[in-house]
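Raw contents of upload-v3.cif, mmCIF, C-alpha atoms, pLDDT in the B column; chains and numbers go by the auth columns:
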```cif
data_target
loop_
_atom_site.group_PDB
_atom_site.id
_atom_site.type_symbol
_atom_site.label_atom_id
_atom_site.label_comp_id
_atom_site.label_asym_id
_atom_site.label_seq_id
_atom_site.Cartn_x
_atom_site.Cartn_y
_atom_site.Cartn_z
_atom_site.B_iso_or_equiv
_atom_site.auth_seq_id
_atom_site.auth_asym_id
ATOM 1 C CA MET A 1 -12.744 29.458 -86.438 41.00 1 D
ATOM 2 C CA THR A 2 -12.215 27.673 -83.134 42.00 2 D
ATOM 3 C CA GLY A 3 -12.705 28.863 -79.595 44.00 3 D
ATOM 4 C CA SER A 4 -9.791 30.566 -77.879 45.00 4 D
ATOM 5 C CA ALA A 5 -7.658 28.337 -75.683 46.00 5 D
ATOM 6 C CA ASP A 6 -6.990 31.355 -73.430 53.00 6 D
ATOM 7 C CA SER A 7 -10.681 31.698 -72.594 51.00 7 D
ATOM 8 C CA PRO A 8 -12.004 28.307 -71.470 74.00 8 D
ATOM 9 C CA ALA A 9 -15.309 29.779 -70.281 90.00 9 D
ATOM 10 C CA PHE A 10 -18.038 30.952 -72.656 97.00 10 D
ATOM 11 C CA ARG A 11 -19.402 34.398 -71.748 97.00 11 D
ATOM 12 C CA LEU A 12 -23.112 34.879 -72.366 98.00 12 D
ATOM 13 C CA ALA A 13 -24.869 38.209 -71.840 98.00 13 D
ATOM 14 C CA TYR A 14 -28.631 38.688 -71.686 97.00 14 D
ATOM 15 C CA VAL A 15 -30.986 41.631 -71.406 96.00 15 D
ATOM 16 C CA PRO A 16 -33.325 42.035 -68.412 95.00 16 D
ATOM 17 C CA GLY A 17 -36.486 39.974 -68.750 94.00 17 D
ATOM 18 C CA VAL A 18 -34.908 37.163 -70.763 95.00 18 D
ATOM 19 C CA THR A 19 -34.604 33.868 -68.873 93.00 19 D
ATOM 20 C CA PRO A 20 -31.813 31.736 -70.397 94.00 20 D
ATOM 21 C CA SER A 21 -32.084 28.873 -67.864 94.00 21 D
ATOM 22 C CA LYS A 22 -33.415 26.329 -70.405 94.00 22 D
ATOM 23 C CA TRP A 23 -30.511 26.856 -72.790 95.00 23 D
ATOM 24 C CA VAL A 24 -27.997 26.983 -69.941 96.00 24 D
ATOM 25 C CA ARG A 25 -29.194 23.573 -68.726 96.00 25 D
ATOM 26 C CA ILE A 26 -28.733 22.027 -72.183 96.00 26 D
ATOM 27 C CA TRP A 27 -25.294 23.653 -72.514 96.00 27 D
ATOM 28 C CA ASN A 28 -24.183 22.152 -69.191 95.00 28 D
ATOM 29 C CA GLU A 29 -25.389 18.715 -70.299 95.00 29 D
ATOM 30 C CA ARG A 30 -23.611 18.831 -73.657 95.00 30 D
ATOM 31 C CA LEU A 31 -20.476 20.779 -72.772 95.00 31 D
ATOM 32 C CA PRO A 32 -19.821 20.151 -69.072 94.00 32 D
ATOM 33 C CA HIS A 33 -16.111 20.891 -69.591 95.00 33 D
ATOM 34 C CA ILE A 34 -16.834 24.466 -70.835 95.00 34 D
ATOM 35 C CA PRO A 35 -18.109 26.715 -68.011 95.00 35 D
ATOM 36 C CA LEU A 36 -20.844 29.163 -69.012 95.00 36 D
ATOM 37 C CA THR A 37 -20.707 32.585 -67.343 95.00 37 D
ATOM 38 C CA LEU A 38 -23.870 34.718 -67.409 96.00 38 D
ATOM 39 C CA THR A 39 -24.068 38.496 -67.230 96.00 39 D
ATOM 40 C CA GLN A 40 -27.278 40.532 -67.201 96.00 40 D
ATOM 41 C CA THR A 41 -26.647 43.588 -69.360 96.00 41 D
ATOM 42 C CA PRO A 42 -28.941 46.590 -69.995 93.00 42 D
ATOM 43 C CA ALA A 43 -30.601 46.480 -73.399 91.00 43 D
ATOM 44 C CA ALA A 44 -28.943 49.756 -74.425 89.00 44 D
ATOM 45 C CA GLU A 45 -25.461 48.401 -73.616 93.00 45 D
ATOM 46 C CA ILE A 46 -25.487 44.789 -74.768 95.00 46 D
ATOM 47 C CA CYS A 47 -24.514 45.454 -78.396 95.00 47 D
ATOM 48 C CA GLY A 48 -21.523 47.456 -77.204 95.00 48 D
ATOM 49 C CA ALA A 49 -20.568 44.596 -74.877 96.00 49 D
ATOM 50 C CA LEU A 50 -20.581 42.174 -77.811 97.00 50 D
ATOM 51 C CA ARG A 51 -18.508 44.493 -79.997 96.00 51 D
ATOM 52 C CA GLY A 52 -16.061 45.192 -77.198 95.00 52 D
ATOM 53 C CA GLY A 53 -15.389 41.526 -76.537 95.00 53 D
ATOM 54 C CA GLU A 54 -16.993 41.576 -73.084 96.00 54 D
ATOM 55 C CA ALA A 55 -19.281 38.710 -74.112 97.00 55 D
ATOM 56 C CA ASP A 56 -19.057 35.955 -76.728 97.00 56 D
ATOM 57 C CA ALA A 57 -22.802 36.035 -77.474 98.00 57 D
ATOM 58 C CA GLY A 58 -25.938 37.531 -76.013 98.00 58 D
ATOM 59 C CA PHE A 59 -29.706 37.370 -75.883 98.00 59 D
ATOM 60 C CA VAL A 60 -30.793 40.787 -77.160 96.00 60 D
ATOM 61 C CA ARG A 61 -33.933 42.618 -78.163 94.00 61 D
ATOM 62 C CA LEU A 62 -34.271 43.373 -81.867 93.00 62 D
ATOM 63 C CA PRO A 63 -33.318 45.323 -83.817 90.00 63 D
ATOM 64 C CA VAL A 64 -29.545 45.269 -83.302 88.00 64 D
ATOM 65 C CA ASP A 65 -27.716 48.333 -84.561 81.00 65 D
ATOM 66 C CA GLY A 66 -25.160 47.755 -87.309 82.00 66 D
ATOM 67 C CA ASP A 67 -24.380 44.950 -89.755 88.00 67 D
ATOM 68 C CA ASP A 68 -21.400 43.587 -87.850 94.00 68 D
ATOM 69 C CA LEU A 69 -23.603 41.641 -85.445 96.00 69 D
ATOM 70 C CA SER A 70 -25.375 38.458 -86.506 95.00 70 D
ATOM 71 C CA ALA A 71 -28.776 37.742 -84.976 96.00 71 D
ATOM 72 C CA ILE A 72 -31.135 34.769 -84.920 96.00 72 D
ATOM 73 C CA PRO A 73 -34.720 35.694 -83.873 96.00 73 D
ATOM 74 C CA LEU A 74 -36.032 33.340 -81.199 96.00 74 D
ATOM 75 C CA TYR A 75 -39.485 34.491 -80.075 94.00 75 D
ATOM 76 C CA GLU A 76 -41.838 37.460 -79.699 95.00 76 D
ATOM 77 C CA GLU A 77 -43.155 38.857 -76.450 95.00 77 D
ATOM 78 C CA THR A 78 -46.594 40.234 -75.731 95.00 78 D
ATOM 79 C CA THR A 79 -46.710 43.938 -74.889 96.00 79 D
ATOM 80 C CA VAL A 80 -48.537 44.883 -71.694 97.00 80 D
ATOM 81 C CA VAL A 81 -49.455 47.980 -69.706 97.00 81 D
ATOM 82 C CA VAL A 82 -48.428 48.035 -66.052 98.00 82 D
ATOM 83 C CA ILE A 83 -51.081 49.602 -63.796 97.00 83 D
ATOM 84 C CA PRO A 84 -52.048 49.790 -60.121 97.00 84 D
ATOM 85 C CA LYS A 85 -54.305 46.949 -58.983 96.00 85 D
ATOM 86 C CA ASP A 86 -57.170 49.357 -58.312 95.00 86 D
ATOM 87 C CA HIS A 87 -56.956 50.897 -61.805 96.00 87 D
ATOM 88 C CA LEU A 88 -60.022 50.776 -64.075 95.00 88 D
ATOM 89 C CA PHE A 89 -58.114 48.625 -66.608 96.00 89 D
ATOM 90 C CA ALA A 90 -57.660 45.879 -63.996 95.00 90 D
ATOM 91 C CA ALA A 91 -61.267 44.819 -64.615 95.00 91 D
ATOM 92 C CA ALA A 92 -60.544 44.110 -68.312 95.00 92 D
ATOM 93 C CA ASP A 93 -58.711 41.188 -69.931 94.00 93 D
ATOM 94 C CA GLU A 94 -56.942 43.424 -72.461 95.00 94 D
ATOM 95 C CA VAL A 95 -56.851 47.053 -73.575 96.00 95 D
ATOM 96 C CA THR A 96 -56.300 48.958 -76.836 95.00 96 D
ATOM 97 C CA VAL A 97 -54.315 52.031 -77.806 94.00 97 D
ATOM 98 C CA ALA A 98 -57.557 54.017 -77.833 95.00 98 D
ATOM 99 C CA ASP A 99 -58.161 53.051 -74.209 95.00 99 D
ATOM 100 C CA LEU A 100 -54.808 54.635 -73.285 95.00 100 D
ATOM 101 C CA ALA A 101 -55.552 58.010 -74.911 94.00 101 D
ATOM 102 C CA GLU A 102 -56.223 59.800 -71.611 95.00 102 D
ATOM 103 C CA GLU A 103 -53.535 58.020 -69.569 96.00 103 D
ATOM 104 C CA VAL A 104 -50.121 59.496 -68.755 96.00 104 D
ATOM 105 C CA ALA A 105 -47.685 57.010 -70.309 96.00 105 D
ATOM 106 C CA LEU A 106 -44.213 56.823 -68.773 96.00 106 D
ATOM 107 C CA HIS A 107 -41.393 56.447 -71.297 95.00 107 D
ATOM 108 C CA PRO A 108 -38.133 55.382 -69.616 94.00 108 D
ATOM 109 C CA LEU A 109 -34.784 56.076 -71.252 93.00 109 D
ATOM 110 C CA ASP A 110 -34.056 52.325 -71.430 92.00 110 D
ATOM 111 C CA ASP A 111 -37.308 51.640 -73.307 92.00 111 D
ATOM 112 C CA THR A 112 -37.040 48.465 -75.419 90.00 112 D
ATOM 113 C CA LEU A 113 -40.037 48.840 -77.734 90.00 113 D
ATOM 114 C CA GLY A 114 -38.319 51.334 -80.006 82.00 114 D
ATOM 115 C CA TRP A 115 -41.006 53.957 -80.417 85.00 115 D
ATOM 116 C CA GLU A 116 -40.469 57.711 -80.186 80.00 116 D
ATOM 117 C CA GLN A 117 -43.486 58.195 -77.971 82.00 117 D
ATOM 118 C CA PRO A 118 -45.740 55.484 -76.513 87.00 118 D
ATOM 119 C CA PRO A 119 -49.525 55.814 -76.720 92.00 119 D
ATOM 120 C CA GLY A 120 -51.269 58.114 -74.248 93.00 120 D
ATOM 121 C CA LEU A 121 -50.259 61.464 -72.796 95.00 121 D
ATOM 122 C CA PRO A 122 -46.524 62.124 -72.388 92.00 122 D
ATOM 123 C CA ALA A 123 -45.145 62.572 -68.878 92.00 123 D
ATOM 124 C CA ARG A 124 -43.215 65.733 -67.983 92.00 124 D
ATOM 125 C CA GLU A 125 -39.949 63.825 -67.659 93.00 125 D
ATOM 126 C CA ARG A 126 -38.639 60.494 -68.811 94.00 126 D
ATOM 127 C CA PRO A 127 -37.601 58.129 -66.012 95.00 127 D
ATOM 128 C CA ALA A 128 -33.994 56.939 -66.245 95.00 128 D
ATOM 129 C CA THR A 129 -34.845 53.231 -66.060 94.00 129 D
ATOM 130 C CA THR A 130 -37.766 50.852 -66.272 95.00 130 D
ATOM 131 C CA ALA A 131 -37.361 50.168 -62.542 95.00 131 D
ATOM 132 C CA ASP A 132 -37.791 53.893 -61.843 96.00 132 D
ATOM 133 C CA ALA A 133 -40.887 53.987 -64.056 97.00 133 D
ATOM 134 C CA VAL A 134 -42.411 51.080 -62.115 97.00 134 D
ATOM 135 C CA GLU A 135 -41.997 53.085 -58.878 97.00 135 D
ATOM 136 C CA LEU A 136 -43.836 55.993 -60.497 97.00 136 D
ATOM 137 C CA VAL A 137 -46.681 53.694 -61.568 97.00 137 D
ATOM 138 C CA ALA A 138 -47.001 52.521 -57.969 97.00 138 D
ATOM 139 C CA ALA A 139 -47.158 56.181 -56.894 96.00 139 D
ATOM 140 C CA GLY A 140 -50.058 56.804 -59.293 95.00 140 D
ATOM 141 C CA ILE A 141 -48.087 59.086 -61.651 95.00 141 D
ATOM 142 C CA GLY A 142 -48.924 57.165 -64.827 96.00 142 D
ATOM 143 C CA VAL A 143 -48.902 53.800 -66.614 97.00 143 D
ATOM 144 C CA LEU A 144 -46.010 51.928 -68.204 97.00 144 D
ATOM 145 C CA ILE A 145 -45.949 49.938 -71.470 96.00 145 D
ATOM 146 C CA VAL A 146 -43.319 47.179 -71.582 96.00 146 D
ATOM 147 C CA PRO A 147 -42.730 43.606 -72.821 96.00 147 D
ATOM 148 C CA GLN A 148 -44.467 41.080 -70.582 96.00 148 D
ATOM 149 C CA SER A 149 -41.204 39.643 -69.252 96.00 149 D
ATOM 150 C CA LEU A 150 -40.214 43.051 -67.861 96.00 150 D
ATOM 151 C CA ALA A 151 -43.580 43.397 -66.151 96.00 151 D
ATOM 152 C CA ARG A 152 -42.928 40.043 -64.482 96.00 152 D
ATOM 153 C CA LEU A 153 -39.345 40.981 -63.609 95.00 153 D
ATOM 154 C CA HIS A 154 -40.515 44.147 -61.799 96.00 154 D
ATOM 155 C CA HIS A 155 -43.557 42.534 -60.201 94.00 155 D
ATOM 156 C CA ARG A 156 -45.035 44.216 -57.138 95.00 156 D
ATOM 157 C CA ARG A 157 -48.003 43.178 -55.036 96.00 157 D
ATOM 158 C CA ASP A 158 -49.720 46.517 -55.576 96.00 158 D
ATOM 159 C CA LEU A 159 -49.359 46.398 -59.390 97.00 159 D
ATOM 160 C CA THR A 160 -50.727 44.254 -62.199 97.00 160 D
ATOM 161 C CA TYR A 161 -50.633 44.345 -65.997 97.00 161 D
ATOM 162 C CA ARG A 162 -52.921 43.804 -68.974 97.00 162 D
ATOM 163 C CA THR A 163 -52.220 42.914 -72.616 97.00 163 D
ATOM 164 C CA ILE A 164 -52.352 45.685 -75.224 95.00 164 D
ATOM 165 C CA THR A 165 -53.712 44.358 -78.505 91.00 165 D
ATOM 166 C CA ASP A 166 -52.502 46.823 -81.154 87.00 166 D
ATOM 167 C CA VAL A 167 -48.961 47.913 -80.317 89.00 167 D
ATOM 168 C CA PRO A 168 -45.520 46.667 -81.404 87.00 168 D
ATOM 169 C CA THR A 169 -44.195 43.505 -79.826 90.00 169 D
ATOM 170 C CA SER A 170 -40.672 42.854 -78.582 92.00 170 D
ATOM 171 C CA ARG A 171 -38.536 40.262 -80.384 94.00 171 D
ATOM 172 C CA VAL A 172 -35.758 38.414 -78.589 96.00 172 D
ATOM 173 C CA ALA A 173 -32.765 37.120 -80.552 97.00 173 D
ATOM 174 C CA LEU A 174 -29.397 35.452 -80.088 98.00 174 D
ATOM 175 C CA SER A 175 -26.653 37.778 -81.330 97.00 175 D
ATOM 176 C CA TRP A 176 -22.861 37.673 -81.676 97.00 176 D
ATOM 177 C CA PRO A 177 -20.125 39.444 -83.679 96.00 177 D
ATOM 178 C CA GLN A 178 -19.921 38.040 -87.209 94.00 178 D
ATOM 179 C CA GLU A 179 -16.131 37.924 -87.113 95.00 179 D
ATOM 180 C CA ALA A 180 -16.215 35.855 -83.913 94.00 180 D
ATOM 181 C CA THR A 181 -18.383 32.939 -85.022 95.00 181 D
ATOM 182 C CA THR A 182 -16.449 30.365 -83.018 95.00 182 D
ATOM 183 C CA ASP A 183 -17.176 26.656 -82.625 95.00 183 D
ATOM 184 C CA LEU A 184 -18.691 27.401 -79.224 96.00 184 D
ATOM 185 C CA VAL A 185 -20.996 29.992 -80.782 96.00 185 D
ATOM 186 C CA GLU A 186 -22.053 27.320 -83.289 96.00 186 D
ATOM 187 C CA ASP A 187 -22.762 24.985 -80.359 96.00 187 D
ATOM 188 C CA LEU A 188 -24.990 27.623 -78.760 96.00 188 D
ATOM 189 C CA ILE A 189 -26.790 28.234 -82.063 96.00 189 D
ATOM 190 C CA GLY A 190 -27.534 24.520 -82.267 96.00 190 D
ATOM 191 C CA ILE A 191 -28.907 24.562 -78.718 96.00 191 D
ATOM 192 C CA VAL A 192 -31.264 27.530 -79.184 95.00 192 D
ATOM 193 C CA ARG A 193 -32.466 26.110 -82.504 93.00 193 D
ATOM 194 C CA GLY A 194 -33.304 22.792 -80.883 91.00 194 D
ATOM 195 C CA ARG A 195 -30.777 20.658 -82.737 88.00 195 D
ATOM 196 C CA THR A 196 -29.842 17.326 -81.246 82.00 196 D
ATOM 197 C CA VAL A 197 -26.283 16.611 -80.166 74.00 197 D
ATOM 198 C CA ASN A 198 -25.815 14.341 -83.228 70.00 198 D
ATOM 199 C CA SER A 199 -27.246 16.815 -85.735 65.00 199 D
ATOM 200 C CA THR A 200 -25.278 16.951 -88.988 45.00 200 D
ATOM 201 C CA ARG A 201 -25.453 20.776 -88.878 51.00 201 D
ATOM 202 C CA GLY A 202 -23.862 20.990 -85.457 48.00 202 D
ATOM 203 C CA ARG A 203 -20.585 19.892 -83.952 53.00 203 D
ATOM 204 C CA ARG A 204 -20.483 16.637 -82.100 46.00 204 D
ATOM 205 C CA THR A 205 -19.274 17.505 -78.627 43.00 205 D
ATOM 206 C CA GLU A 206 -19.595 14.124 -76.945 46.00 206 D
ATOM 207 C CA PRO A 207 -16.556 11.833 -77.087 44.00 207 D
ATOM 208 C CA GLU A 208 -16.827 8.849 -79.375 43.00 208 D
ATOM 209 C CA PRO A 209 -17.215 5.537 -77.502 48.00 209 D
ATOM 210 C CA LYS A 210 -14.049 3.479 -77.275 48.00 210 D
ATOM 211 C CA ALA A 211 -13.861 0.374 -79.478 48.00 211 D
ATOM 212 C CA LYS A 212 -14.282 -2.857 -77.568 52.00 212 D
ATOM 213 C CA ARG A 213 -11.281 -5.126 -77.355 54.00 213 D
ATOM 214 C CA PRO A 214 -11.661 -8.532 -79.052 54.00 214 D
ATOM 215 C CA ASP A 215 -12.415 -11.417 -76.724 55.00 215 D
ATOM 216 C CA LYS A 216 -9.173 -13.379 -76.642 53.00 216 D
ATOM 217 C CA THR A 217 -10.846 -16.434 -75.135 50.00 217 D
ATOM 218 C CA ALA A 218 -13.130 -16.649 -78.143 49.00 218 D
ATOM 219 C CA THR A 219 -10.221 -16.674 -80.595 49.00 219 D
ATOM 220 C CA ARG A 220 -7.731 -18.705 -78.601 52.00 220 D
ATOM 221 C CA ARG A 221 -7.314 -22.220 -80.000 52.00 221 D
ATOM 222 C CA GLN A 222 -8.557 -24.793 -77.546 52.00 222 D
ATOM 223 C CA GLN A 223 -5.869 -27.246 -76.393 52.00 223 D
ATOM 224 C CA PRO A 224 -6.816 -30.945 -76.312 51.00 224 D
ATOM 225 C CA ALA A 225 -7.591 -32.192 -72.824 50.00 225 D
ATOM 226 C CA GLY A 226 -5.233 -35.156 -73.245 49.00 226 D
ATOM 227 C CA GLY A 227 -2.140 -33.187 -74.150 47.00 227 D
ATOM 228 C CA LYS A 228 -0.535 -33.486 -77.592 47.00 228 D
ATOM 229 C CA GLY A 229 -2.412 -34.800 -80.517 47.00 229 D
ATOM 230 C CA GLY A 230 -5.990 -33.706 -80.452 46.00 230 D
ATOM 231 C CA GLY A 231 -6.945 -36.746 -82.494 46.00 231 D
ATOM 232 C CA ARG A 232 -9.886 -38.979 -82.211 48.00 232 D
ATOM 233 C CA GLY A 233 -10.497 -40.113 -78.686 45.00 233 D
ATOM 234 C CA ALA A 234 -8.365 -37.374 -77.160 44.00 234 D
ATOM 235 C CA GLY A 235 -9.544 -36.490 -73.721 45.00 235 D
ATOM 236 C CA ARG A 236 -10.968 -39.995 -73.051 47.00 236 D
ATOM 237 C CA SER A 237 -10.303 -41.020 -69.493 45.00 237 D
ATOM 238 C CA ALA A 238 -7.488 -43.589 -69.207 46.00 238 D
ATOM 239 C CA GLY A 239 -9.537 -45.706 -66.854 48.00 239 D
ATOM 240 C CA LYS A 240 -12.766 -45.624 -68.744 50.00 240 D
ATOM 241 C CA PRO A 241 -13.902 -48.953 -70.221 50.00 241 D
ATOM 242 C CA SER A 242 -14.280 -49.213 -73.954 49.00 242 D
ATOM 243 C CA ALA A 243 -16.179 -51.580 -76.220 48.00 243 D
ATOM 244 C CA LYS A 244 -12.928 -53.317 -77.270 49.00 244 D
ATOM 245 C CA ASN A 245 -11.553 -53.623 -73.758 51.00 245 D
ATOM 246 C CA PRO A 246 -14.438 -53.660 -71.283 48.00 246 D
ATOM 247 C CA ARG A 247 -12.227 -54.513 -68.293 50.00 247 D
ATOM 248 C CA ARG A 248 -9.692 -51.808 -68.855 48.00 248 D
ATOM 249 C CA GLY A 249 -9.429 -49.655 -65.826 47.00 249 D
ATOM 250 C CA SER A 250 -10.666 -52.407 -63.453 46.00 250 D
ATOM 251 C CA GLY A 251 -7.197 -53.239 -62.181 46.00 251 D
ATOM 252 C CA GLY A 252 -6.726 -56.483 -64.211 47.00 252 D
ATOM 253 C CA PRO A 253 -4.141 -57.156 -66.897 46.00 253 D
ATOM 254 C CA LYS A 254 -4.487 -55.467 -70.226 48.00 254 D
ATOM 255 C CA GLY A 255 -6.260 -57.669 -72.723 49.00 255 D
ATOM 256 C CA GLY A 256 -6.572 -61.490 -72.471 51.00 256 D
ATOM 257 C CA LYS A 257 -8.959 -63.572 -70.441 53.00 257 D
ATOM 258 C CA PRO A 258 -9.734 -62.940 -66.786 53.00 258 D
ATOM 259 C CA ARG A 259 -7.922 -65.086 -64.207 55.00 259 D
ATOM 260 C CA ARG A 260 -9.604 -68.133 -62.712 54.00 260 D
ATOM 261 C CA ARG A 261 -9.779 -68.593 -58.996 54.00 261 D
ATOM 262 C CA PRO A 262 -7.977 -71.686 -57.698 47.00 262 D
#
```
Target encoding structure tokens, full file:
Amino acid sequence: MTGSADSPAFRLAYVPGVTPSKWVRIWNERLPHIPLTLTQTPAAEICGALRGGEADAGFVRLPVDGDDLSAIPLYEETTVVVIPKDHLFAAADEVTVADLAEEVALHPLDDTLGWEQPPGLPARERPATTADAVELVAAGIGVLIVPQSLARLHHRRDLTYRTITDVPTSRVALSWPQEATTDLVEDLIGIVRGRTVNSTRGRRTEPEPKAKRPDKTATRRQQPAGGKGGGRGAGRSAGKPSAKNPRRGSGGPKGGKPRRRP
């Protein structure tokens, strides 16, 4: 299936925290004639955007719901707990689930780790978004457990984060509708999988070099310097002496003996 001629740009969605700049750079190098439009889409909405045709492909967090979306896992993210800088955990390199037992754990509605209830004590209400939960952490209401990229995305000077050793991790994947596996989707798959532009499993997107024209001067038959008849001696200067006629070209008569002076 080929890309649509009515949609020259390729639409790529991505969830918050994912940084697609590396793949975008390679895309622009390989397919400079196909613009790439980027849209940050909430994790809870990105699968619907793919199904609804709002994006051609997207970087999502696994699992994707339903069998109609293909997905290629790319990498796993460390899970961290976001805390105030003066929190007791800030003195440690990492924490465990047991360490969180007495902490109020905020569980936003857009949580991406897929658990029913994070470790620790449940808060009275669930914040609407991760950004709202970060504000509550800064206010000292509780702690927040998120993938590391989201902790970096919502960085504040008064907050820090520490790795949690025994909780689920977040997996990032490239996803697209199975029925819309276009040539451009195949190009993106090749990019995220690290294939070279000449890989036999990917499409070649660079134009083939034009064949060089033959050098006409190399094939053109050389004409004799003396005109017709390129025989032996052709091109010899008319005035140049020869062994048989040493005086030829000196202005005297052709052949015979030289004249005597009176």
Contacts of segment 62-69 of chain D at 9 Å (only C-alpha atoms; same-chain gap of 3+ positions) as a list of chain:residue names: D:Cys47, D:Leu50, D:Arg51, D:Pro73, D:Thr112, D:Leu113, D:Gly114, D:Ser170, D:Arg171, D:Val172, D:Ala173, D:Ser175, D:Trp176, D:Pro177, D:Gln178, D:Glu179
Ala57 of chain D environment, 10 Å, only C-alpha atoms, sequence neighbours closer than 4 positions dropped, as a list in words: Phe10, Arg11, Leu12, Ala13, Tyr14, Ile46, Cys47, Ala49, Leu50, Arg51, Gly53, Leu69, Ser70, Ala71, Leu174, Ser175, Trp176, Pro177, Ala180, Thr181, Leu184, Val185, Leu188 and Ile189 of chain D
I need the residues from that last selection saved to file as a PDB file, keeping the file's coordinate frame (with C-alpha atoms), if you can.
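Produced file result11.pdb, reproduced below:
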```pdb
ATOM      1  CA  PHE D  10     -18.038  30.952 -72.656  1.00 97.00           C
ATOM      2  CA  ARG D  11     -19.402  34.398 -71.748  1.00 97.00           C
ATOM      3  CA  LEU D  12     -23.112  34.879 -72.366  1.00 98.00           C
ATOM      4  CA  ALA D  13     -24.869  38.209 -71.840  1.00 98.00           C
ATOM      5  CA  TYR D  14     -28.631  38.688 -71.686  1.00 97.00           C
ATOM      6  CA  ILE D  46     -25.487  44.789 -74.768  1.00 95.00           C
ATOM      7  CA  CYS D  47     -24.514  45.454 -78.396  1.00 95.00           C
ATOM      8  CA  ALA D  49     -20.568  44.596 -74.877  1.00 96.00           C
ATOM      9  CA  LEU D  50     -20.581  42.174 -77.811  1.00 97.00           C
ATOM     10  CA  ARG D  51     -18.508  44.493 -79.997  1.00 96.00           C
ATOM     11  CA  GLY D  53     -15.389  41.526 -76.537  1.00 95.00           C
ATOM     12  CA  LEU D  69     -23.603  41.641 -85.445  1.00 96.00           C
ATOM     13  CA  SER D  70     -25.375  38.458 -86.506  1.00 95.00           C
ATOM     14  CA  ALA D  71     -28.776  37.742 -84.976  1.00 96.00           C
ATOM     15  CA  LEU D 174     -29.397  35.452 -80.088  1.00 98.00           C
ATOM     16  CA  SER D 175     -26.653  37.778 -81.330  1.00 97.00           C
ATOM     17  CA  TRP D 176     -22.861  37.673 -81.676  1.00 97.00           C
ATOM     18  CA  PRO D 177     -20.125  39.444 -83.679  1.00 96.00           C
ATOM     19  CA  ALA D 180     -16.215  35.855 -83.913  1.00 94.00           C
ATOM     20  CA  THR D 181     -18.383  32.939 -85.022  1.00 95.00           C
ATOM     21  CA  LEU D 184     -18.691  27.401 -79.224  1.00 96.00           C
ATOM     22  CA  VAL D 185     -20.996  29.992 -80.782  1.00 96.00           C
ATOM     23  CA  LEU D 188     -24.990  27.623 -78.760  1.00 96.00           C
ATOM     24  CA  ILE D 189     -26.790  28.234 -82.063  1.00 96.00           C
TER      25      ILE D 189
END
```
Atom-to-atom span, atom CA of Ala138 of chain D and atom CA of Val60 of chain D, Å: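 Rounded to one decimal, the two atoms are 27.7 Å apart.
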If we count all atoms listed in the file, what is near Leu121 of chain D at a cut-off of 7 Å, once residues fewer than 4 positions away on the same chain are taken out, given as an mmCIF file with C-alpha atoms, in the coordinates of the input?
```cif
data_model
loop_
_atom_site.group_PDB
_atom_site.id
_atom_site.type_symbol
_atom_site.label_atom_id
_atom_site.label_comp_id
_atom_site.auth_asym_id
_atom_site.auth_seq_id
_atom_site.Cartn_x
_atom_site.Cartn_y
_atom_site.Cartn_z
ATOM 1 C CA ALA D 101 -55.552 58.010 -74.911
ATOM 2 C CA GLU D 102 -56.223 59.800 -71.611
ATOM 3 C CA GLU D 103 -53.535 58.020 -69.569
ATOM 4 C CA VAL D 104 -50.121 59.496 -68.755
ATOM 5 C CA ALA D 105 -47.685 57.010 -70.309
#
```
Expansion of the PyMOL selection byres ((chain D and resi 82) around 8) into residues, as a PyMOL selection string: chain D and resi 80-81+83-84+134+137+143-146+151+159-162
Give me the segment 108-175 of chain D side of the contact with segment 89-100 of chain D, cut-off 8 Å, one line per residue showing its nearest atom pair and distance in Å at one decimal, counting all atoms listed in the file, sorted by chain and residue number, as a Markdown table.
```
| residue | atom | partner | partner_atom | distance |
| --- | --- | --- | --- | --- |
| D:Pro119 | CA | D:Val97 | CA | 6.2 |
| D:Gly120 | CA | D:Leu100 | CA | 5.1 |
| D:Thr160 | CA | D:Ala90 | CA | 7.3 |
| D:Tyr161 | CA | D:Ala90 | CA | 7.5 |
| D:Arg162 | CA | D:Glu94 | CA | 5.3 |
| D:Thr163 | CA | D:Glu94 | CA | 4.8 |
| D:Ile164 | CA | D:Val95 | CA | 5.0 |
| D:Thr165 | CA | D:Thr96 | CA | 5.5 |
| D:Asp166 | CA | D:Thr96 | CA | 6.1 |
| D:Val167 | CA | D:Val97 | CA | 7.2 |
```
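Put simply, atom CA of Trp115 of chain D is 8.6 Å away from atom CA of Pro168 of chain D.
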Target residues per the PyMOL selection byres ((chain D and resi 126) around 8), formatted as a list of chain:residue names: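 With the PyMOL selection byres ((chain D and resi 126) around 8) on this model, the match is D:Leu106, D:His107, D:Pro108, D:Leu109, D:Ala123, D:Arg124, D:Glu125, D:Pro127, D:Ala128.
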Any chance you can output those residues with C-alpha atoms as a JSON list (two decimals), in the coordinates of the input?
```json
[["chain", "number", "residue", "atom", "x", "y", "z"],
["D", 106, "LEU", "CA", -44.21, 56.82, -68.77],
["D", 107, "HIS", "CA", -41.39, 56.45, -71.30],
["D", 108, "PRO", "CA", -38.13, 55.38, -69.62],
["D", 109, "LEU", "CA", -34.78, 56.08, -71.25],
["D", 123, "ALA", "CA", -45.14, 62.57, -68.88],
["D", 124, "ARG", "CA", -43.22, 65.73, -67.98],
["D", 125, "GLU", "CA", -39.95, 63.82, -67.66],
["D", 127, "PRO", "CA", -37.60, 58.13, -66.01],
["D", 128, "ALA", "CA", -33.99, 56.94, -66.24]]
```
Test item: the PyMOL selection byres ((chain D and resi 35) around 6) resolved as a PyMOL selection string: chain D and resi 9+34+36
Counting only C-alpha atoms, the residue of D:Ile26, D:Glu116, D:Arg156, D:Arg61 that sits nearest Glu45 of chain D: D:Arg61
Length of the atom CA of Asp158 of chain D to atom CA of Lys85 of chain D vector [Å]: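 According to the coordinates, atom CA of Asp158 of chain D and atom CA of Lys85 of chain D are separated by 5.7 Å.
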